[in-house]
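Shown next, in structure tokens, is the structure this report addresses.
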Protein chains: 2
Amino acid sequence: MNNNKNNNKESVSDLSKNKIKWIRSLHHKKTRDELGFFIVEGEKMVNEALIYAENFIELLAYTNDFRHENLSVESYEISAKELDQISLLTTPNKVLAVIRKKKTNSTIQQDNLILALDGIQDPGNLGTIMRIADWYGISDIICSKTTVDWYNPKVVQASMGAIFRVNMHSLELESWLRECKLNIYGALLEGINIYKETLQGTGVLLLGNEGNGISKELLPLISHPISIPRFGGAESLNVSAAAAILVSEFKRIEFQKQK
Amino acid sequence: MNNNKNNNKESVSDLSKNKIKWIRSLHHKKTRDELGFFIVEGEKMVNEALIYAENFIELLAYTNDFRHENLSVESYEISAKELDQISLLTTPNKVLAVIRKKKTNSTIQQDNLILALDGIQDPGNLGTIMRIADWYGISDIICSKTTVDWYNPKVVQASMGAIFRVNMHSLELESWLRECKLNIYGALLEGINIYKETLQGTGVLLLGNEGNGISKELLPLISHPISIPRFGGAESLNVSAAAAILVSEFKRIEFQKQK
């Protein structure tokens, strides 16, 4: 299904004041939620959008140094000054796209590791975790309602295109975990040494908030408390670093088979 | 040796305009380099400084909600408004310390894994890598001259105290690598699958710049090209996520012995 109303229309025209206003309104979560669109910026990310989510692109605005093939989406060539007006980056990078949000009623793939995030607050952390999932072929990330919006522009940029490939779900985490019938691995400071256990296969890897860890209500739902042993003086690891290490441990046996 | 001129002097007094100006000047790398001081902010980080680097604290400025024991460093109780003037945080957090830089002529511990960073640009990445090193008991990180200043306030905050425990060195990376006589493991997109090799023991783990990877000049110096196999669609991993995975692989055998 191609949802794009303006297919095969490449227009080089002025971006109207109304469109500029509309794009700028998407800088805010409230409007993104209401209108169902989000912003992607920069050559690399927009090229990923053109490959993986072309049908969802509502509008493209670019300066004349953006190299591209024929564009089959609604497109505007704009000045650097105009790009600066609509961009969220301190140094705008050639192109900005407005993209329609996907409906996230897709089923969760149970034959793969699933990540569950309980209140991740930092956009950089969420984006990095999405990128880790993308690298390791994880299909689904489940976010608690308290987790930062994955359409936040900083998340989108840090995800480096993962947002187009990993299925994101916003769910009531407690009730979902209660009903999922999968092993629930919780990343804790006191758990089983991950280097002694062989982690592999399916299940849910639950990661907590940067400052407070996993919520008290979710702790009893953890079937396998796991932890990364510490050798030095640090009190904790950054949650995205912990995610990288844990996902790597889950996947290493599977990946020994690869070249 | 106690270098603090104002030892055992707890003064509750006004922070002079000159001191405010001096602290604000340390927001800039050039002044930090010239004067040899840097800034640490927030309750958690300043408490780490009081434990691990008390002799290096030149000045402490705190609002009345900062809970503390008797302070044996030059200290000023200030208003929230004053803290806002000298702070770099959008939400200043109770306390700010000015700390004297350590001389980094310490020797590099060769019986441990050493991290070498070639042009890491993002302060969050450098801070996170320092925190990973700190967690895994790595003593030394060697930064190329092109790597972001580790006294950059964003690096300091992201390091979560690692800056007080991990020895940082700024060196001409190429000549140091040429002369170090250690295994040099380079993190590349095309290298030996880290899950097939057993990584352990000593050597240098070389990590490259976020966009461009390891510099061309350094590539021939790599004795062991290694890579994290990819399964999904991501083009690359964030360098701090890659650092986490690689350091974990180096340490996992050693850490199997731990509880």
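Naming scheme: A, B, ... for chains in displayed order of the structure tokens; residues 1 onward per chain; ligands 1 onward as shown.
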At most 10 Å to chain A: residues in chain B, only C-alpha atoms, as a CSV table (one decimal) with C-alpha atoms, in the first residue's frame:
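The file below, iface.csv, is the result:
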```
chain,number,residue,atom,x,y,z
B,124,GLY,CA,29.2,11.7,25.9
B,127,GLY,CA,32.7,10.0,29.3
B,128,THR,CA,30.9,6.7,28.8
B,129,ILE,CA,34.1,5.0,27.6
B,130,MET,CA,35.9,6.3,30.8
B,131,ARG,CA,33.0,4.9,32.9
B,132,ILE,CA,33.3,1.5,31.1
B,133,ALA,CA,37.1,1.5,31.8
B,134,ASP,CA,36.4,2.3,35.4
B,135,TRP,CA,33.9,-0.5,35.8
B,136,TYR,CA,36.2,-3.1,34.3
B,137,GLY,CA,39.3,-1.9,36.2
B,138,ILE,CA,41.2,-0.6,33.2
B,139,SER,CA,43.9,1.8,34.5
B,158,ALA,CA,29.3,11.5,31.7
B,159,SER,CA,32.3,9.8,33.3
B,160,MET,CA,30.4,9.6,36.6
B,161,GLY,CA,33.6,9.9,38.7
B,162,ALA,CA,35.8,7.8,36.4
B,164,PHE,CA,39.1,10.5,39.4
B,165,ARG,CA,40.1,6.9,39.0
B,166,VAL,CA,41.2,6.2,35.4
B,191,GLY,CA,38.2,-8.0,11.3
B,192,ILE,CA,38.2,-11.3,13.1
B,193,ASN,CA,34.8,-12.2,14.7
B,194,ILE,CA,35.4,-11.5,18.4
B,195,TYR,CA,33.1,-14.3,19.3
B,196,LYS,CA,35.4,-16.8,17.6
B,197,GLU,CA,38.7,-15.5,19.0
B,228,ILE,CA,31.7,-7.3,16.3
B,229,PRO,CA,29.7,-9.4,13.8
B,230,ARG,CA,26.5,-7.8,12.6
B,231,PHE,CA,23.2,-9.5,12.3
B,232,GLY,CA,20.7,-6.7,11.6
B,233,GLY,CA,20.4,-3.6,9.5
B,234,ALA,CA,22.5,-1.1,11.3
B,235,GLU,CA,25.5,0.2,9.5
B,236,SER,CA,27.6,0.7,12.6
B,237,LEU,CA,27.5,0.7,16.4
B,238,ASN,CA,28.0,3.7,18.5
B,239,VAL,CA,31.7,3.8,19.5
B,240,SER,CA,30.9,3.6,23.3
B,241,ALA,CA,28.6,0.6,22.7
B,242,ALA,CA,31.4,-1.0,20.7
B,243,ALA,CA,33.8,-0.2,23.5
B,244,ALA,CA,31.5,-1.8,26.1
B,245,ILE,CA,31.1,-5.0,24.0
B,246,LEU,CA,34.9,-5.3,23.3
B,247,VAL,CA,36.1,-4.6,26.8
B,248,SER,CA,33.5,-7.1,28.1
B,249,GLU,CA,34.9,-9.8,25.7
B,251,LYS,CA,37.5,-9.4,30.5
B,252,ARG,CA,34.9,-12.2,30.5
B,253,ILE,CA,37.3,-15.0,31.1
B,254,GLU,CA,39.0,-13.2,34.0
B,255,PHE,CA,35.5,-12.3,35.3
B,256,GLN,CA,34.2,-15.9,35.2
B,257,LYS,CA,36.2,-16.4,38.4
B,258,GLN,CA,34.3,-13.6,40.2
B,259,LYS,CA,31.1,-14.2,42.1
```
### Per-residue DSSP, region 74-148 of chain B, filtered to strand (DSSP E), as a ChimeraX atom specification
/B:75-77,95-100,113-118,140-143
Between chain B and chain A, the Cα RMSD after least-squares superposition over all Cα in sequence order is 0.0 Å
Expressed in Å, the length from CA of Lys101 (chain A) to CA of Ser75 (chain A) is 18.5 Å
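Going from CA of His224 (chain B) to CA of Tyr185 (chain B) covers 4.6 Å.
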Shell around Asn112 (chain A) at 10 Å using only C-alpha atoms, local window under 3 positions removed, as a PDB file with C-alpha atoms, in the first residue's frame:
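Done, and the output landed in out_20.pdb:
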```pdb
ATOM      1  CA  ILE A 108       5.955  -8.957  18.912  1.00  0.00           C
ATOM      2  CA  GLN A 109       8.351 -11.594  17.599  1.00  0.00           C
ATOM      3  CA  LEU A 115      14.190  -5.620  24.946  1.00  0.00           C
ATOM      4  CA  GLY A 137      18.890  -8.181  14.669  1.00  0.00           C
ATOM      5  CA  ILE A 138      16.488  -7.709  17.571  1.00  0.00           C
ATOM      6  CA  SER A 139      13.005  -7.030  16.175  1.00  0.00           C
ATOM      7  CA  ASP A 140      11.110  -5.506  19.083  1.00  0.00           C
ATOM      8  CA  GLN A 200      21.061 -17.311  24.708  1.00  0.00           C
ATOM      9  CA  GLY A 201      17.843 -17.760  22.861  1.00  0.00           C
ATOM     10  CA  THR A 202      14.578 -16.031  23.494  1.00  0.00           C
ATOM     11  CA  GLY A 203      13.154 -14.073  26.396  1.00  0.00           C
ATOM     12  CA  VAL A 204      12.858 -10.517  27.608  1.00  0.00           C
TER      13      VAL A 204
END
```
The distance between CA of Glu48 (chain B) and CA of Leu96 (chain B) is 12.2 Å
The residue from A:Leu117, A:Ile222, A:Ile163, A:Leu171 with the smallest atom-to-atom distance to Asn209 (chain A), counting only C-alpha atoms, is A:Leu117
